[in-house]
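A.B. asks: Got a file for you: data03.pdb, PDB, C-alpha atoms.
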```
ATOM      1  CA  MET P 916     -33.109 -36.056 -18.404
ATOM      2  CA  ASN P 917     -29.485 -36.937 -17.709
ATOM      3  CA  PHE P 918     -28.487 -37.283 -14.077
ATOM      4  CA  PHE P 919     -25.625 -34.857 -14.691
ATOM      5  CA  ASP P 920     -25.787 -32.670 -17.795
ATOM      6  CA  TRP P 921     -22.186 -32.112 -18.870
ATOM      7  CA  ASP P 922     -23.162 -29.669 -21.644
ATOM      8  CA  PHE P 923     -25.043 -27.524 -19.133
ATOM      9  CA  ALA P 924     -22.129 -27.746 -16.713
ATOM     10  CA  LEU P 925     -19.713 -26.486 -19.367
ATOM     11  CA  SER P 926     -22.082 -23.675 -20.341
ATOM     12  CA  ILE P 927     -22.239 -22.291 -16.776
ATOM     13  CA  LEU P 928     -18.528 -22.738 -16.059
ATOM     14  CA  PRO P 929     -17.559 -19.188 -17.207
ATOM     15  CA  GLN P 930     -20.155 -17.655 -14.870
ATOM     16  CA  LEU P 931     -18.895 -19.664 -11.930
ATOM     17  CA  LEU P 932     -15.269 -18.877 -12.712
ATOM     18  CA  LYS P 933     -16.060 -15.171 -12.840
ATOM     19  CA  ALA P 934     -17.842 -15.343  -9.481
ATOM     20  CA  SER P 935     -14.943 -17.333  -8.046
ATOM     21  CA  LEU P 936     -12.752 -14.243  -8.431
ATOM     22  CA  ASN P 937     -14.820 -12.554  -5.725
ATOM     23  CA  THR P 938     -14.445 -15.630  -3.532
ATOM     24  CA  LEU P 939     -10.669 -15.550  -3.957
ATOM     25  CA  LEU P 940     -10.506 -11.780  -3.435
ATOM     26  CA  ILE P 941     -12.512 -12.016  -0.209
ATOM     27  CA  THR P 942     -10.410 -14.912   1.065
ATOM     28  CA  PHE P 943      -6.954 -13.497   0.401
ATOM     29  CA  ALA P 944      -7.729  -9.855   1.178
ATOM     30  CA  GLY P 945      -9.621 -10.849   4.304
ATOM     31  CA  PHE P 946      -6.858 -13.148   5.497
ATOM     32  CA  ALA P 947      -4.163 -10.530   4.847
ATOM     33  CA  ILE P 948      -6.067  -8.101   7.062
ATOM     34  CA  ALA P 949      -6.843 -10.773   9.658
ATOM     35  CA  ILE P 950      -3.255 -11.866  10.241
ATOM     36  CA  VAL P 951      -2.075  -8.267  10.685
ATOM     37  CA  VAL P 952      -4.956  -7.122  12.890
ATOM     38  CA  GLY P 953      -4.839 -10.409  14.786
ATOM     39  CA  LEU P 954      -1.181  -9.854  15.666
ATOM     40  CA  LEU P 955      -1.905  -6.322  16.880
ATOM     41  CA  LEU P 956      -4.813  -7.586  18.985
ATOM     42  CA  ALA P 957      -2.652 -10.343  20.477
ATOM     43  CA  ILE P 958       0.076  -7.878  21.430
ATOM     44  CA  ALA P 959      -2.500  -5.495  22.898
ATOM     45  CA  ARG P 960      -4.132  -8.286  24.879
ATOM     46  CA  ARG P 961      -0.767  -9.225  26.396
ATOM     47  CA  SER P 962      -0.174  -5.633  27.476
ATOM     48  CA  LYS P 963       0.453  -4.971  31.147
ATOM     49  CA  HIS P 964      -1.816  -1.924  30.898
ATOM     50  CA  LEU P 965      -5.296  -3.066  31.972
ATOM     51  CA  TRP P 966      -6.960  -0.121  30.232
ATOM     52  CA  LEU P 967      -5.752  -1.671  26.965
ATOM     53  CA  SER P 968      -5.733  -5.421  27.586
ATOM     54  CA  TRP P 969      -9.211  -5.701  29.114
ATOM     55  CA  PRO P 970     -11.168  -3.910  26.342
ATOM     56  CA  VAL P 971      -9.241  -5.862  23.689
ATOM     57  CA  ALA P 972      -9.966  -9.143  25.476
ATOM     58  CA  GLY P 973     -13.640  -8.193  25.670
ATOM     59  CA  LEU P 974     -13.740  -7.318  21.971
ATOM     60  CA  ILE P 975     -12.094 -10.610  21.000
ATOM     61  CA  GLU P 976     -14.494 -12.677  23.101
ATOM     62  CA  PHE P 977     -17.507 -10.729  21.828
ATOM     63  CA  ILE P 978     -16.647 -11.238  18.168
ATOM     64  CA  ARG P 979     -15.667 -14.891  18.671
ATOM     65  CA  SER P 980     -18.951 -15.546  20.490
ATOM     66  CA  THR P 981     -21.296 -14.014  17.919
ATOM     67  CA  PRO P 982     -22.054 -15.310  14.415
ATOM     68  CA  LEU P 983     -20.238 -13.914  11.402
ATOM     69  CA  LEU P 984     -23.616 -13.354   9.738
ATOM     70  CA  ILE P 985     -24.730 -10.899  12.426
ATOM     71  CA  GLN P 986     -21.459  -9.011  12.188
ATOM     72  CA  VAL P 987     -21.649  -8.523   8.412
ATOM     73  CA  TYR P 988     -25.330  -7.552   8.764
ATOM     74  CA  PHE P 989     -24.290  -4.774  11.142
ATOM     75  CA  LEU P 990     -21.554  -3.564   8.806
ATOM     76  CA  PHE P 991     -23.779  -3.507   5.730
ATOM     77  CA  TYR P 992     -27.271  -2.697   7.043
ATOM     78  CA  VAL P 993     -26.831  -0.950  10.411
ATOM     79  CA  PHE P 994     -23.639   1.088  10.221
ATOM     80  CA  PRO P 995     -24.779   3.186   7.192
ATOM     81  CA  ASN P 996     -27.305   4.769   9.575
ATOM     82  CA  TYR P 997     -24.311   6.113  11.502
ATOM     83  CA  GLY P 998     -22.269   7.353   8.560
ATOM     84  CA  LEU P 999     -20.254   4.251   7.624
ATOM     85  CA  ASN P1000     -21.272   3.398   4.075
ATOM     86  CA  LEU P1001     -19.643   0.329   2.547
ATOM     87  CA  THR P1002     -20.321  -1.622  -0.593
ATOM     88  CA  ALA P1003     -21.397  -5.231  -0.138
ATOM     89  CA  LEU P1004     -17.946  -6.468  -1.117
ATOM     90  CA  GLN P1005     -16.173  -4.033   1.217
ATOM     91  CA  ALA P1006     -18.465  -4.947   4.109
ATOM     92  CA  GLY P1007     -17.943  -8.627   3.372
ATOM     93  CA  ILE P1008     -14.148  -8.399   3.324
ATOM     94  CA  LEU P1009     -14.039  -6.222   6.444
ATOM     95  CA  GLY P1010     -16.530  -8.399   8.310
ATOM     96  CA  ILE P1011     -14.831 -11.701   7.622
ATOM     97  CA  ALA P1012     -11.395 -10.153   8.241
ATOM     98  CA  LEU P1013     -12.332  -8.786  11.673
ATOM     99  CA  HIS P1014     -14.083 -12.036  12.581
ATOM    100  CA  TYR P1015     -11.032 -14.146  11.831
ATOM    101  CA  ALA P1016      -8.638 -11.561  13.239
ATOM    102  CA  CYS P1017     -10.045 -12.381  16.663
ATOM    103  CA  TYR P1018      -9.381 -16.086  16.109
ATOM    104  CA  THR P1019      -5.871 -15.519  14.811
ATOM    105  CA  ALA P1020      -5.247 -13.205  17.772
ATOM    106  CA  GLU P1021      -5.683 -16.146  20.122
ATOM    107  CA  VAL P1022      -3.366 -18.253  17.966
ATOM    108  CA  TYR P1023      -0.728 -15.518  18.043
ATOM    109  CA  ARG P1024      -1.150 -15.153  21.798
ATOM    110  CA  ALA P1025      -0.497 -18.862  22.297
ATOM    111  CA  GLY P1026       2.595 -18.636  20.100
ATOM    112  CA  LEU P1027       3.930 -15.588  21.922
ATOM    113  CA  ASP P1028       3.308 -17.192  25.312
ATOM    114  CA  ALA P1029       5.258 -20.250  24.156
ATOM    115  CA  VAL P1030       8.423 -18.232  23.468
ATOM    116  CA  PRO P1031      10.856 -19.048  26.312
ATOM    117  CA  ARG P1032      11.014 -16.438  29.022
ATOM    118  CA  GLY P1033      14.761 -16.168  28.544
ATOM    119  CA  GLN P1034      14.222 -14.754  25.061
ATOM    120  CA  TRP P1035      12.047 -11.954  26.432
ATOM    121  CA  GLU P1036      14.640 -11.216  29.095
ATOM    122  CA  ALA P1037      17.384 -11.192  26.455
ATOM    123  CA  VAL P1038      15.717  -8.530  24.299
ATOM    124  CA  THR P1039      15.164  -6.436  27.432
ATOM    125  CA  ALA P1040      18.816  -6.808  28.426
ATOM    126  CA  LEU P1041      19.908  -5.804  24.920
ATOM    127  CA  ASN P1042      17.680  -2.708  25.152
ATOM    128  CA  MET P1043      16.029  -3.543  21.841
ATOM    129  CA  SER P1044      13.033  -1.512  20.735
ATOM    130  CA  PRO P1045       9.709  -3.396  20.861
ATOM    131  CA  LEU P1046       9.456  -3.369  17.051
ATOM    132  CA  SER P1047      12.952  -4.786  16.569
ATOM    133  CA  ALA P1048      12.476  -7.339  19.336
ATOM    134  CA  TYR P1049       9.263  -8.701  17.836
ATOM    135  CA  ARG P1050      10.526  -8.631  14.263
ATOM    136  CA  GLN P1051      13.962 -10.144  14.820
ATOM    137  CA  ILE P1052      13.635 -12.357  17.891
ATOM    138  CA  ILE P1053      10.119 -13.068  19.123
ATOM    139  CA  LEU P1054       7.943 -13.482  16.023
ATOM    140  CA  PRO P1055      10.276 -15.875  14.142
ATOM    141  CA  GLN P1056      10.116 -18.217  17.137
ATOM    142  CA  ALA P1057       6.371 -17.764  17.687
ATOM    143  CA  LEU P1058       5.301 -18.240  14.061
ATOM    144  CA  ARG P1059       6.698 -21.693  13.380
ATOM    145  CA  PRO P1060       4.498 -23.634  15.823
ATOM    146  CA  ILE P1061       1.324 -21.658  15.029
ATOM    147  CA  LEU P1062       1.572 -21.761  11.236
ATOM    148  CA  PRO P1063      -0.652 -24.872  10.894
ATOM    149  CA  ALA P1064      -3.377 -23.192  12.953
ATOM    150  CA  LEU P1065      -3.183 -20.039  10.825
ATOM    151  CA  GLY P1066      -3.420 -22.221   7.724
ATOM    152  CA  ASN P1067      -6.528 -23.884   9.112
ATOM    153  CA  TYR P1068      -8.160 -20.483   9.554
ATOM    154  CA  LEU P1069      -7.278 -19.564   5.965
ATOM    155  CA  VAL P1070      -9.152 -22.641   4.733
ATOM    156  CA  ALA P1071     -12.014 -21.952   7.150
ATOM    157  CA  MET P1072     -12.280 -18.385   5.864
ATOM    158  CA  LEU P1073     -12.509 -19.676   2.301
ATOM    159  CA  LYS P1074     -15.371 -21.970   3.267
ATOM    160  CA  ASP P1075     -17.162 -19.159   5.124
ATOM    161  CA  THR P1076     -17.319 -16.831   2.111
ATOM    162  CA  PRO P1077     -20.808 -18.108   1.100
ATOM    163  CA  VAL P1078     -22.157 -16.440   4.258
ATOM    164  CA  LEU P1079     -21.590 -13.090   2.533
ATOM    165  CA  SER P1080     -24.270 -13.855  -0.040
ATOM    166  CA  ALA P1081     -26.669 -12.721   2.710
ATOM    167  CA  ILE P1082     -25.545  -9.128   2.070
ATOM    168  CA  THR P1083     -25.764  -9.519  -1.739
ATOM    169  CA  VAL P1084     -22.108 -10.357  -2.385
ATOM    170  CA  VAL P1085     -22.075 -12.428  -5.561
ATOM    171  CA  GLU P1086     -19.428 -15.013  -4.738
ATOM    172  CA  ILE P1087     -19.328 -18.455  -6.307
ATOM    173  CA  MET P1088     -22.025 -20.028  -4.123
ATOM    174  CA  GLN P1089     -24.452 -17.161  -4.698
ATOM    175  CA  GLN P1090     -23.831 -17.411  -8.434
ATOM    176  CA  ALA P1091     -24.580 -21.139  -8.290
ATOM    177  CA  LYS P1092     -27.882 -20.427  -6.535
ATOM    178  CA  ASN P1093     -28.722 -17.771  -9.121
ATOM    179  CA  ILE P1094     -28.069 -20.244 -11.937
ATOM    180  CA  GLY P1095     -30.184 -22.862 -10.194
ATOM    181  CA  SER P1096     -33.131 -20.505  -9.712
ATOM    182  CA  GLU P1097     -33.013 -19.496 -13.378
ATOM    183  CA  SER P1098     -32.533 -22.962 -14.885
ATOM    184  CA  PHE P1099     -34.228 -25.120 -12.219
ATOM    185  CA  ARG P1100     -31.121 -27.288 -12.259
ATOM    186  CA  TYR P1101     -29.166 -27.198  -9.025
ATOM    187  CA  LEU P1102     -27.179 -30.413  -9.290
ATOM    188  CA  GLU P1103     -24.560 -29.154 -11.721
ATOM    189  CA  PRO P1104     -23.818 -25.699 -10.235
ATOM    190  CA  ILE P1105     -23.827 -26.886  -6.623
ATOM    191  CA  THR P1106     -21.639 -29.892  -7.475
ATOM    192  CA  MET P1107     -19.175 -27.694  -9.341
ATOM    193  CA  VAL P1108     -19.007 -25.246  -6.429
ATOM    194  CA  GLY P1109     -18.395 -28.120  -4.030
ATOM    195  CA  LEU P1110     -15.507 -29.320  -6.193
ATOM    196  CA  PHE P1111     -14.140 -25.770  -6.366
ATOM    197  CA  PHE P1112     -14.026 -25.498  -2.565
ATOM    198  CA  LEU P1113     -12.574 -28.989  -2.217
ATOM    199  CA  LEU P1114      -9.767 -28.435  -4.711
ATOM    200  CA  LEU P1115      -8.899 -24.960  -3.456
ATOM    201  CA  SER P1116      -8.951 -26.099   0.182
ATOM    202  CA  LEU P1117      -6.548 -28.923  -0.654
ATOM    203  CA  ALA P1118      -4.310 -26.522  -2.601
ATOM    204  CA  LEU P1119      -4.210 -24.023   0.265
ATOM    205  CA  ALA P1120      -3.448 -26.777   2.784
ATOM    206  CA  TRP P1121      -0.604 -27.977   0.552
ATOM    207  CA  CYS P1122       0.809 -24.455   0.305
ATOM    208  CA  VAL P1123       0.698 -24.048   4.073
ATOM    209  CA  ARG P1124       2.572 -27.343   4.510
ATOM    210  CA  ARG P1125       5.212 -26.210   2.039
ATOM    211  CA  VAL P1126       5.704 -22.935   3.922
ATOM    212  CA  GLU P1127       5.881 -24.877   7.182
ATOM    213  CA  ASP P1128       8.538 -27.211   5.724
ATOM    214  CA  ARG P1129      10.465 -24.217   4.426
ATOM    215  CA  LEU P1130      10.496 -22.613   7.851
ATOM    216  CA  GLU P1131      11.657 -25.842   9.430
ATOM    217  CA  VAL P1132      14.575 -26.063   6.975
ATOM    218  CA  THR P1133      15.482 -22.410   7.589
ATOM    219  CA  ALA P1134      15.424 -22.933  11.347
ATOM    220  CA  ARG P1135      17.978 -25.766  11.188
TER     221      ARG P1135
END
```
Could you express the structure from this file as structure tokens?
C.D. replies:
Amino acid sequence: MNFFDWDFALSILPQLLKASLNTLLITFAGFAIAIVVGLLLAIARRSKHLWLSWPVAGLIEFIRSTPLLIQVYFLFYVFPNYGLNLTALQAGILGIALHYACYTAEVYRAGLDAVPRGQWEAVTALNMSPLSAYRQIILPQALRPILPALGNYLVAMLKDTPVLSAITVVEIMQQAKNIGSESFRYLEPITMVGLFFLLLSLALAWCVRRVEDRLEVTAR
């Protein structure tokens, strides 16, 4: 038996590529939700109204302090008992999005806190609406320094997608395990999945650096 069977590897490539679409869908859809919800959570946590900031802070700490696996288990297996019925893919995207939203919320909060106090006083003096102030003045200044951290969470989310196989989501890692259990050859599918995550992680990191460089040029 060959150490690495290239013919077998080529034969399973279409199956892995098909499963990789779910991995990419989960990653990009989940991250799109996470960066929006994370911003809303960060703004709510910075609120001067304790009835809003304290529950949001508690929610963020609770989700950050519990495993992603438990959270997706609740969404897929527990919540249907209370009327919330989601497919495995929907539960997976929502679970991973909410999990990382709480991490990105802390990144946003650090970025917002780093905006000079004079900028906040300026938007107040100009009587700008909160939406206009954040969109035109505050967020452009807060995003530049936190972009690398957000990019790190994008890569981390990609690498966490195999967790969702626990709720029957057939992403690329689950497909590799299925192939291995059927063929009794795990070397090829697992190696190919490892290369997939490596290459895509490097590509995402490169894209984040390009966006960061673009923002730096725009800011000059």
A.B. asks: If we count only C-alpha atoms, what is near range 1122-1130 of chain P at a cut-off of 9 Å, once residues fewer than 5 positions away on the same chain are taken out, given as a PyMOL selection string?
C.D. replies: chain P and resi 1059-1060+1062-1063+1065-1067+1117+1135
A.B. asks: Could you list, as a ChimeraX atom specification, every residue within 9 Å of Val971 in chain P, counting all atoms listed in the file and ignoring same-chain residues fewer than 6 positions away?
C.D. replies: /P:956-957,959-960
A.B. asks: Could you tell me which residues the PyMOL selection byres ((chain P and resi 978) around 10) grabs in this file, written as a PDB file with C-alpha atoms, in the frame of the given file?
C.D. replies:
```pdb
ATOM      1  CA  GLY P 973     -13.640  -8.193  25.670  1.00  0.00           C
ATOM      2  CA  LEU P 974     -13.740  -7.318  21.971  1.00  0.00           C
ATOM      3  CA  ILE P 975     -12.094 -10.610  21.000  1.00  0.00           C
ATOM      4  CA  GLU P 976     -14.494 -12.677  23.101  1.00  0.00           C
ATOM      5  CA  PHE P 977     -17.507 -10.729  21.828  1.00  0.00           C
ATOM      6  CA  ARG P 979     -15.667 -14.891  18.671  1.00  0.00           C
ATOM      7  CA  SER P 980     -18.951 -15.546  20.490  1.00  0.00           C
ATOM      8  CA  THR P 981     -21.296 -14.014  17.919  1.00  0.00           C
ATOM      9  CA  PRO P 982     -22.054 -15.310  14.415  1.00  0.00           C
ATOM     10  CA  LEU P 983     -20.238 -13.914  11.402  1.00  0.00           C
ATOM     11  CA  ILE P 985     -24.730 -10.899  12.426  1.00  0.00           C
ATOM     12  CA  GLN P 986     -21.459  -9.011  12.188  1.00  0.00           C
ATOM     13  CA  LEU P1013     -12.332  -8.786  11.673  1.00  0.00           C
ATOM     14  CA  HIS P1014     -14.083 -12.036  12.581  1.00  0.00           C
ATOM     15  CA  TYR P1015     -11.032 -14.146  11.831  1.00  0.00           C
ATOM     16  CA  ALA P1016      -8.638 -11.561  13.239  1.00  0.00           C
ATOM     17  CA  CYS P1017     -10.045 -12.381  16.663  1.00  0.00           C
ATOM     18  CA  TYR P1018      -9.381 -16.086  16.109  1.00  0.00           C
TER      19      TYR P1018
END
```
A.B. asks: Quick one: residues within 9 Å of range 1091-1095 of chain P, only C-alpha atoms, excluding same-chain residues fewer than 4 positions away - as a list in words?
C.D. replies: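 Result of the neighbour search: Ile927, Gln930, Leu931, Ala934, Glu1086, Ile1087, Phe1099, Arg1100, Tyr1101, Leu1102, Glu1103, Pro1104, Ile1105, Met1107 and Val1108 of chain P.
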A.B. asks: For the structure shown, which residues end up in the PyMOL selection byres ((chain P and resi 1049) around 12)? Put them as a PyMOL selection string, please?
C.D. replies: chain P and resi 954-955+958+1027+1030+1034-1035+1038-1039+1043-1048+1050-1058
A.B. asks: Find the distance between CA of Ser1098 in chain P and CA of Lys1074 in chain P and write it in Å to one decimal.
C.D. replies: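 Going from CA of Ser1098 in chain P over to CA of Lys1074 in chain P covers 25.0 Å.
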A.B. asks: Measuring atom to atom with all atoms listed in the file, identify which of P:Ile950, P:Val1084, P:Val987, P:Val1078 is nearest to Glu1021 in chain P.
C.D. replies: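 Among the listed residues, the smallest separation from Glu1021 in chain P belongs to P:Ile950.
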A.B. asks: Quick one: pull the distance between CA of Tyr1068 in chain P and CA of Thr1019 in chain P, Å, one decimal.
C.D. replies: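 CA of Tyr1068 in chain P sits 7.6 Å away from CA of Thr1019 in chain P.
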A.B. asks: Could you check which of P:Ala1037, P:Phe1112, P:Phe923, P:Ile1082 is closest to Leu990 in chain P, using only C-alpha atoms?
C.D. replies: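 Closest to Leu990 in chain P, using only C-alpha atoms: P:Ile1082.
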A.B. asks: Care to translate the PyMOL selection byres ((chain P and resi 1075) around 10) into actual residues of this file, as a PyMOL selection string?
C.D. replies: chain P and resi 938+942+983-984+1011+1069-1074+1076-1079
A.B. asks: Taking C-alpha atoms for each residue, export the selection above as a compact mmCIF listing (two decimals), keeping the file's coordinate frame.
C.D. replies:
```txt
# COMPACT_ATOMS: atom_id res chain seq x y z
CA THR P 938 -14.44 -15.63 -3.53
CA THR P 942 -10.41 -14.91 1.06
CA LEU P 983 -20.24 -13.91 11.40
CA LEU P 984 -23.62 -13.35 9.74
CA ILE P 1011 -14.83 -11.70 7.62
CA LEU P 1069 -7.28 -19.56 5.96
CA VAL P 1070 -9.15 -22.64 4.73
CA ALA P 1071 -12.01 -21.95 7.15
CA MET P 1072 -12.28 -18.39 5.86
CA LEU P 1073 -12.51 -19.68 2.30
CA LYS P 1074 -15.37 -21.97 3.27
CA THR P 1076 -17.32 -16.83 2.11
CA PRO P 1077 -20.81 -18.11 1.10
CA VAL P 1078 -22.16 -16.44 4.26
CA LEU P 1079 -21.59 -13.09 2.53
```
